[in-house]
Amino acid sequence: MKKFYISTPIYYSSGKPHIGHAYTTILADVISRYKKIIGYDTFFITGMDEHGQKIETIAKRENISCQELVDKNSLIFEKLWKDLQVEPNFFIRTTNEKHKKFVQEKFSTLYSKKFIYLDNWVSLYCIQCEEDIVDKKVVIKDDKKYCEHGHEIISRSEESYFLKTTEFKEWIINVLDNQEIVIDPTSRVLELKNNFLNDEFRDLSISRNNLNWGVEIKEDKNHKIYVWLDALLNYISGLSICNDSFVDKYWNDDKTEIVHLLSKEITRFHCIYWPIILKMLNYRLPSKIISHGWIITSQGKMSKSIGNVVDPFELINKFGSDSIRYYLMKEISMINDSTFSEDLLVTTHNADLCNNFGNIINRTLGLINKYSNETIPKYSRTENNDLVSFENTIIDFTSKIEKTINTLDVNLIVKEINILENNINSFIEINKPWNLFKENKIDDLMYFLSLLSNSVKILIFYISPILVSKSKEAWEQFGFPKDLFTIIEINKFDSIDNIKVNNSKILFERIEKNEN
Ligand code: ME8
């Protein structure tokens, strides 16, 4: 069986999740579900990045322990995934004892291989971003120094362990140039080379000696491992925590397709440092890194001080998880920044889900009830060219959609599903079953209903990774058995012969736009 492993970034436990976290995680969930329905053995991981100075500072401010803070926030993230029907195979937390041990072991390996050395670290540092800021990127305002995201930065000088990343500079440039890891969109490669793999590229500082809340270095108890080495290793430690054989199965096997999903601000850690760490540890490289754009709002980047942070829990209460999933997968570009719009979410819900998908289900069930005694007719071809040509349209769709799924371009998958829906609507309008009935062309009418039911079966199957709960409801309304829900069965036109359909119920209620 072909294998597929997909990860999201592990999110900082310092705050609550917003729509950006929801977007990446839904996207990973959707891609993983798509791969699964076309026959892959998939593993999907997400989780929490729970160490570092930011956590320490916030815990102190809230007068609770760091552990209490990360426990509290990780529950909120987990609840969000449940409410959004995101179902990871594993939810990793970097405070997990087995993860910490894994990180310590890998540090020791790197240390014994002499990829790590102790030196003095002098740098400008952003605690919010947990990263060093090179001089070029410092923004000075009113005599204070800020990073490009507007956080105030500090100067620090302390002893630190460093990873000899500079030794691998030429190697990583070659990896990126030769697409040994496919970076999507490819334009990010040039950005990485221009902005980071230049004369200012330095060895990576991987420890702090003034931090309490971090993984202890066994070789030197005065130091804690600095967040990025700890965090990046989750992609392998998570597998090993889950099952002893999973590192071999989902990582070490060259045939496993490994995909990391993240957005542009942390591309450098995933596309430069992570491959170098893997190389130093003799692990294979990921197959693809998808670095999507940001969700912004009409007032610009989301920020607490502007008060424009979009809360996914509020959206779930208003619209339900399927509509949010669908809107995000259709309207948020996987490449460029996109503006979040609640107005567009409502429009998409009404137009695509009520008037189109929901209506197709309702209409098809209505036609079966009216003309075929609530039973899907037996699949039997007639000479009617319009009907035969629609059968070919469906076959074309199923062969094409599998290729599109393998590109992992969810925007494109939704486009193809929308085309299928339009074809189904035109099929009804052009062939007018009510006329076939009036003209007593019963064989054509039965063939029409069989094709229509098959096309809807295929539509429900291929929309199911996005509309997780409504697709189940639609499947049940048709009375399709559960064991038909496989890529092999879905392509057989006679698999739903003589199935008695259930009553149709409205799947999506229209939402009135809030005019304020
Ligand atoms: O960076 N639009 O965690 P983080 C789209 N712990 N996606 C967004 C977004 C937005 N406006 N804002 C955040 C970290 N995201 C580290 C990662 S991984 C080894 C360690 C998503 O909580 C996007 O996927 O800041 C981004 O990369 C991630 O959340 C950053 O989450």
# chains A, B, ... in the order shown; residues from 1 in each chain; ligands from 1
call {"tool": "residues_around", "arguments": {"residues": "Gly300 of chain A", "least_positions_apart": "6", "cutoff": "12 Å", "atoms": "only C-alpha atoms", "output": "number ranges by chain"}}
result
A: 294, 306-309, 337-340
call {"tool": "write_last_selection", "arguments": {"atoms": "all heavy atoms", "output": "compact mmCIF listing (two decimals), in the first residue's frame"}}
result
# COMPACT_ATOMS: atom_id res chain seq x y z
N TRP A 294 -0.60 33.74 4.01
CA TRP A 294 -1.28 34.07 5.27
C TRP A 294 -2.73 34.43 5.04
O TRP A 294 -3.08 35.02 4.01
CB TRP A 294 -0.63 35.30 5.91
CG TRP A 294 0.58 34.99 6.71
CD1 TRP A 294 0.88 33.82 7.33
CD2 TRP A 294 1.65 35.90 6.99
NE1 TRP A 294 2.08 33.93 7.98
CE2 TRP A 294 2.56 35.19 7.79
CE3 TRP A 294 1.92 37.20 6.64
CZ2 TRP A 294 3.73 35.76 8.25
CZ3 TRP A 294 3.08 37.78 7.10
CH2 TRP A 294 3.98 37.07 7.89
N ILE A 306 -4.96 45.38 17.22
CA ILE A 306 -5.97 45.94 16.31
C ILE A 306 -7.35 45.35 16.65
O ILE A 306 -8.39 45.95 16.38
CB ILE A 306 -5.62 45.63 14.83
CG1 ILE A 306 -4.22 46.16 14.47
CG2 ILE A 306 -6.66 46.20 13.87
CD1 ILE A 306 -3.78 45.84 13.05
N GLY A 307 -7.33 44.15 17.24
CA GLY A 307 -8.61 43.51 17.60
C GLY A 307 -9.27 42.83 16.42
O GLY A 307 -10.49 42.70 16.37
N ASN A 308 -8.46 42.39 15.44
CA ASN A 308 -9.05 41.77 14.25
C ASN A 308 -8.71 40.28 14.15
O ASN A 308 -8.68 39.72 13.07
CB ASN A 308 -8.56 42.51 12.99
CG ASN A 308 -7.06 42.42 12.84
OD1 ASN A 308 -6.36 42.05 13.78
ND2 ASN A 308 -6.56 42.75 11.67
N VAL A 309 -8.43 39.66 15.30
CA VAL A 309 -8.09 38.23 15.27
C VAL A 309 -9.39 37.43 15.11
O VAL A 309 -10.34 37.61 15.86
CB VAL A 309 -7.38 37.82 16.58
CG1 VAL A 309 -7.07 36.33 16.58
CG2 VAL A 309 -6.10 38.63 16.76
N ASP A 337 -1.35 35.36 -0.03
CA ASP A 337 -2.14 35.80 1.13
C ASP A 337 -3.59 35.97 0.67
O ASP A 337 -3.84 36.37 -0.46
CB ASP A 337 -1.62 37.14 1.64
CG ASP A 337 -0.25 37.00 2.28
OD1 ASP A 337 0.24 35.86 2.38
OD2 ASP A 337 0.33 38.02 2.68
N SER A 338 -4.51 35.68 1.57
CA SER A 338 -5.94 35.86 1.25
C SER A 338 -6.60 36.60 2.38
O SER A 338 -6.27 36.40 3.55
CB SER A 338 -6.65 34.51 1.11
OG SER A 338 -5.97 33.65 0.25
N THR A 339 -7.57 37.44 2.02
CA THR A 339 -8.29 38.20 3.04
C THR A 339 -9.48 37.39 3.53
O THR A 339 -10.31 36.94 2.73
CB THR A 339 -8.80 39.53 2.45
OG1 THR A 339 -7.68 40.20 1.89
CG2 THR A 339 -9.44 40.40 3.51
N PHE A 340 -9.55 37.20 4.85
CA PHE A 340 -10.70 36.48 5.40
C PHE A 340 -11.93 37.37 5.30
O PHE A 340 -11.87 38.56 5.63
CB PHE A 340 -10.46 36.12 6.87
CG PHE A 340 -11.66 35.48 7.49
CD1 PHE A 340 -11.95 34.15 7.28
CD2 PHE A 340 -12.56 36.25 8.24
CE1 PHE A 340 -13.09 33.56 7.80
CE2 PHE A 340 -13.70 35.67 8.77
CZ PHE A 340 -13.96 34.33 8.56
call {"tool": "residues_around", "arguments": {"residues": "Tyr283 of chain A", "least_positions_apart": "5", "cutoff": "10 Å", "atoms": "only C-alpha atoms", "output": "PyMOL selection string"}}
result
chain A and resi 236+251-252+275-278
call {"tool": "write_last_selection", "arguments": {"atoms": "all heavy atoms", "output": "mmCIF file, in the first residue's frame"}}
result
data_model
loop_
_atom_site.group_PDB
_atom_site.id
_atom_site.type_symbol
_atom_site.label_atom_id
_atom_site.label_comp_id
_atom_site.auth_asym_id
_atom_site.auth_seq_id
_atom_site.Cartn_x
_atom_site.Cartn_y
_atom_site.Cartn_z
ATOM 1 N N ILE A 236 9.514 13.395 13.794
ATOM 2 C CA ILE A 236 9.932 11.988 13.871
ATOM 3 C C ILE A 236 9.626 11.404 15.250
ATOM 4 O O ILE A 236 9.155 10.280 15.360
ATOM 5 C CB ILE A 236 11.431 11.847 13.526
ATOM 6 C CG1 ILE A 236 11.659 12.362 12.094
ATOM 7 C CG2 ILE A 236 11.875 10.386 13.625
ATOM 8 C CD1 ILE A 236 13.061 12.254 11.596
ATOM 9 N N TRP A 251 8.602 7.170 7.999
ATOM 10 C CA TRP A 251 9.696 8.104 7.673
ATOM 11 C C TRP A 251 10.796 7.431 6.873
ATOM 12 O O TRP A 251 11.129 7.853 5.766
ATOM 13 C CB TRP A 251 10.268 8.772 8.936
ATOM 14 C CG TRP A 251 11.090 9.965 8.508
ATOM 15 C CD1 TRP A 251 12.359 9.934 7.979
ATOM 16 C CD2 TRP A 251 10.676 11.329 8.465
ATOM 17 N NE1 TRP A 251 12.758 11.202 7.615
ATOM 18 C CE2 TRP A 251 11.741 12.083 7.911
ATOM 19 C CE3 TRP A 251 9.511 12.003 8.850
ATOM 20 C CZ2 TRP A 251 11.676 13.465 7.735
ATOM 21 C CZ3 TRP A 251 9.453 13.385 8.673
ATOM 22 C CH2 TRP A 251 10.529 14.089 8.124
ATOM 23 N N ASN A 252 11.366 6.370 7.420
ATOM 24 C CA ASN A 252 12.588 5.833 6.801
ATOM 25 C C ASN A 252 12.369 5.220 5.427
ATOM 26 O O ASN A 252 13.305 5.150 4.637
ATOM 27 C CB ASN A 252 13.233 4.797 7.725
ATOM 28 C CG ASN A 252 13.775 5.459 8.992
ATOM 29 O OD1 ASN A 252 14.025 6.658 8.996
ATOM 30 N ND2 ASN A 252 13.944 4.686 10.055
ATOM 31 N N PRO A 275 16.150 20.156 6.971
ATOM 32 C CA PRO A 275 16.881 19.203 6.118
ATOM 33 C C PRO A 275 18.331 19.008 6.570
ATOM 34 O O PRO A 275 18.857 17.900 6.522
ATOM 35 C CB PRO A 275 16.829 19.845 4.731
ATOM 36 C CG PRO A 275 15.660 20.763 4.768
ATOM 37 C CD PRO A 275 15.541 21.244 6.179
ATOM 38 N N ILE A 276 18.959 20.088 7.051
ATOM 39 C CA ILE A 276 20.355 19.943 7.503
ATOM 40 C C ILE A 276 20.412 19.029 8.737
ATOM 41 O O ILE A 276 21.276 18.149 8.840
ATOM 42 C CB ILE A 276 20.986 21.327 7.790
ATOM 43 C CG1 ILE A 276 21.164 22.105 6.471
ATOM 44 C CG2 ILE A 276 22.333 21.184 8.517
ATOM 45 C CD1 ILE A 276 21.736 23.508 6.626
ATOM 46 N N ILE A 277 19.477 19.221 9.666
ATOM 47 C CA ILE A 277 19.443 18.353 10.860
ATOM 48 C C ILE A 277 19.231 16.893 10.439
ATOM 49 O O ILE A 277 19.900 15.972 10.923
ATOM 50 C CB ILE A 277 18.321 18.812 11.831
ATOM 51 C CG1 ILE A 277 18.637 20.203 12.390
ATOM 52 C CG2 ILE A 277 18.108 17.807 12.963
ATOM 53 C CD1 ILE A 277 17.469 20.898 13.094
ATOM 54 N N LEU A 278 18.330 16.691 9.494
ATOM 55 C CA LEU A 278 18.059 15.328 9.018
ATOM 56 C C LEU A 278 19.317 14.714 8.395
ATOM 57 O O LEU A 278 19.652 13.554 8.657
ATOM 58 C CB LEU A 278 16.918 15.338 7.992
ATOM 59 C CG LEU A 278 15.528 15.648 8.566
ATOM 60 C CD1 LEU A 278 14.530 15.924 7.439
ATOM 61 C CD2 LEU A 278 15.027 14.486 9.419
#
call {"tool": "residues_near_ligand", "arguments": {"ligand": "ligand 1", "cutoff": "6 Å", "atoms": "only C-alpha atoms and all ligand atoms", "output": "MDAnalysis selection string"}}
result
chainID A and resid 9:12 20:21 24 49 231:232 262:263 266 294:296
call {"tool": "closest_residue", "arguments": {"among": "A:Ile140, A:Ile430, A:Ile460, A:Ile6", "to": "Pro286 of chain A", "atoms": "only C-alpha atoms"}}
result
A:Ile6
call {"tool": "closest_residue", "arguments": {"among": "A:Leu365, A:Leu176, A:Val70, A:Ile290", "to": "His51 of chain A", "atoms": "only C-alpha atoms"}}
result
A:Val70
call {"tool": "closest_residue", "arguments": {"among": "A:Leu229, A:Leu367, A:Ile458, A:Ile488", "to": "Phe437 of chain A", "atoms": "only C-alpha atoms"}}
result
A:Leu367
call {"tool": "select_by_dssp", "arguments": {"residues": "segment 297-400 of chain A", "states": "helix (DSSP H, G or I)", "output": "JSON, numbers by chain"}}
result
{"A": [312, 313, 314, 315, 316, 317, 318, 319, 321, 322, 323, 324, 325, 326, 327, 328, 329, 330, 331, 342, 343, 344, 345, 346, 347, 348, 349, 350, 351, 352, 353, 354, 355, 356, 357, 358, 359, 360, 361, 362, 363, 364, 365, 366, 367, 368, 369, 370, 371, 385, 386, 387, 388, 389, 390, 391, 392, 393, 394, 395, 396, 397, 398, 399, 400]}
call {"tool": "atom_distance", "arguments": {"atom1": "atom CA of Arg61 of chain A", "atom2": "atom CA of Ile154 of chain A"}}
result
18.9 Å
call {"tool": "residues_around", "arguments": {"residues": "Arg510 of chain A", "least_positions_apart": "6", "cutoff": "8 Å", "atoms": "only C-alpha atoms", "output": "CSV table (one decimal) with all heavy atoms, in the first residue's frame"}}
result
chain,number,residue,atom,x,y,z
A,349,HIS,N,-21.5,29.6,1.5
A,349,HIS,CA,-22.4,28.7,2.1
A,349,HIS,C,-23.7,28.6,1.4
A,349,HIS,O,-24.2,27.5,1.0
A,349,HIS,CB,-22.6,29.1,3.6
A,349,HIS,CG,-23.7,28.3,4.3
A,349,HIS,ND1,-23.5,27.2,5.0
A,349,HIS,CD2,-25.1,28.6,4.3
A,349,HIS,CE1,-24.7,26.8,5.5
A,349,HIS,NE2,-25.6,27.6,5.0
A,350,ASN,N,-24.3,29.8,1.1
A,350,ASN,CA,-25.6,29.8,0.4
A,350,ASN,C,-25.5,29.3,-1.0
A,350,ASN,O,-26.3,28.5,-1.4
A,350,ASN,CB,-26.2,31.2,0.4
A,350,ASN,CG,-26.6,31.6,1.8
A,350,ASN,OD1,-26.9,30.8,2.7
A,350,ASN,ND2,-26.7,32.9,2.1
A,354,CYS,N,-25.9,25.3,-0.1
A,354,CYS,CA,-27.4,25.2,-0.1
A,354,CYS,C,-27.9,25.1,-1.5
A,354,CYS,O,-28.5,24.1,-1.9
A,354,CYS,CB,-28.1,26.5,0.5
A,354,CYS,SG,-27.6,26.9,2.1
call {"tool": "select_by_dssp", "arguments": {"residues": "segment 206-354 of chain A", "states": "strand (DSSP E)", "output": "number ranges by chain"}}
result
A: 207-208, 215-217, 220-225, 257-263, 288-292, 295-296, 338-339
call {"tool": "write_last_selection", "arguments": {"atoms": "C-alpha atoms", "output": "PDB file, in the first residue's frame"}}
result
ATOM      1  CA  SER A 207      20.627  26.250  23.468  1.00  0.00           C
ATOM      2  CA  ARG A 208      19.984  28.831  26.173  1.00  0.00           C
ATOM      3  CA  VAL A 215      14.553  20.249  27.400  1.00  0.00           C
ATOM      4  CA  GLU A 216      17.664  19.829  29.500  1.00  0.00           C
ATOM      5  CA  ILE A 217      20.950  19.040  27.769  1.00  0.00           C
ATOM      6  CA  ASP A 220      25.619  20.282  30.224  1.00  0.00           C
ATOM      7  CA  LYS A 221      22.909  20.789  32.837  1.00  0.00           C
ATOM      8  CA  ASN A 222      23.312  24.595  32.647  1.00  0.00           C
ATOM      9  CA  HIS A 223      21.746  24.653  29.203  1.00  0.00           C
ATOM     10  CA  LYS A 224      18.287  24.002  27.807  1.00  0.00           C
ATOM     11  CA  ILE A 225      17.715  23.082  24.184  1.00  0.00           C
ATOM     12  CA  GLU A 257       5.467  10.490   0.507  1.00  0.00           C
ATOM     13  CA  ILE A 258       6.303  12.925   3.326  1.00  0.00           C
ATOM     14  CA  VAL A 259       4.740  16.391   3.295  1.00  0.00           C
ATOM     15  CA  HIS A 260       5.186  19.273   5.733  1.00  0.00           C
ATOM     16  CA  LEU A 261       2.565  21.983   5.691  1.00  0.00           C
ATOM     17  CA  LEU A 262       3.256  25.437   7.142  1.00  0.00           C
ATOM     18  CA  SER A 263       3.179  29.070   6.195  1.00  0.00           C
ATOM     19  CA  LYS A 288       7.502  18.145  -0.259  1.00  0.00           C
ATOM     20  CA  ILE A 289       7.171  21.271   1.835  1.00  0.00           C
ATOM     21  CA  ILE A 290       4.074  23.344   1.177  1.00  0.00           C
ATOM     22  CA  SER A 291       4.498  26.896   2.381  1.00  0.00           C
ATOM     23  CA  HIS A 292       1.121  28.564   2.085  1.00  0.00           C
ATOM     24  CA  ILE A 295      -4.874  34.723   6.062  1.00  0.00           C
ATOM     25  CA  ILE A 296      -5.134  38.444   6.635  1.00  0.00           C
ATOM     26  CA  SER A 338      -5.937  35.860   1.246  1.00  0.00           C
ATOM     27  CA  THR A 339      -8.293  38.196   3.041  1.00  0.00           C
TER      28      THR A 339
END
call {"tool": "closest_residue", "arguments": {"among": "A:Asn63, A:Ser504, A:Thr165, A:Thr94", "to": "Lys279 of chain A", "atoms": "only C-alpha atoms"}}
result
A:Thr165
call {"tool": "closest_residue", "arguments": {"among": "A:Asn362, A:Gln104, A:Ser187, A:Asn282", "to": "Lys505 of chain A", "atoms": "only C-alpha atoms"}}
result
A:Asn362
call {"tool": "residues_around", "arguments": {"residues": "Phe102 of chain A", "least_positions_apart": "3", "cutoff": "12 Å", "atoms": "only C-alpha atoms", "output": "VMD selection string"}}
result
chain A and resid 94 to 99 105 to 109 215 to 218 229 to 241
call {"tool": "residues_around", "arguments": {"residues": "segment 490-501 of chain A", "least_positions_apart": "3", "cutoff": "7 Å", "atoms": "only C-alpha atoms", "output": "list in words"}}
result
Glu374, Thr375, Ile376, Pro377, Lys378, Tyr379, Asn454, Ile458, Gln477, Phe478, Gly479, Leu484, Phe485, Thr486 and Ile487 of chain A
call {"tool": "closest_residue", "arguments": {"among": "A:Asn209, A:Asn423, A:Ser245, A:Asn411", "to": "Ser333 of chain A", "atoms": "only C-alpha atoms"}}
result
A:Asn411
call {"tool": "residues_around", "arguments": {"residues": "Arg93 of chain A", "least_positions_apart": "4", "cutoff": "7 Å", "atoms": "only C-alpha atoms", "output": "VMD selection string"}}
result
chain A and resid 47 to 50
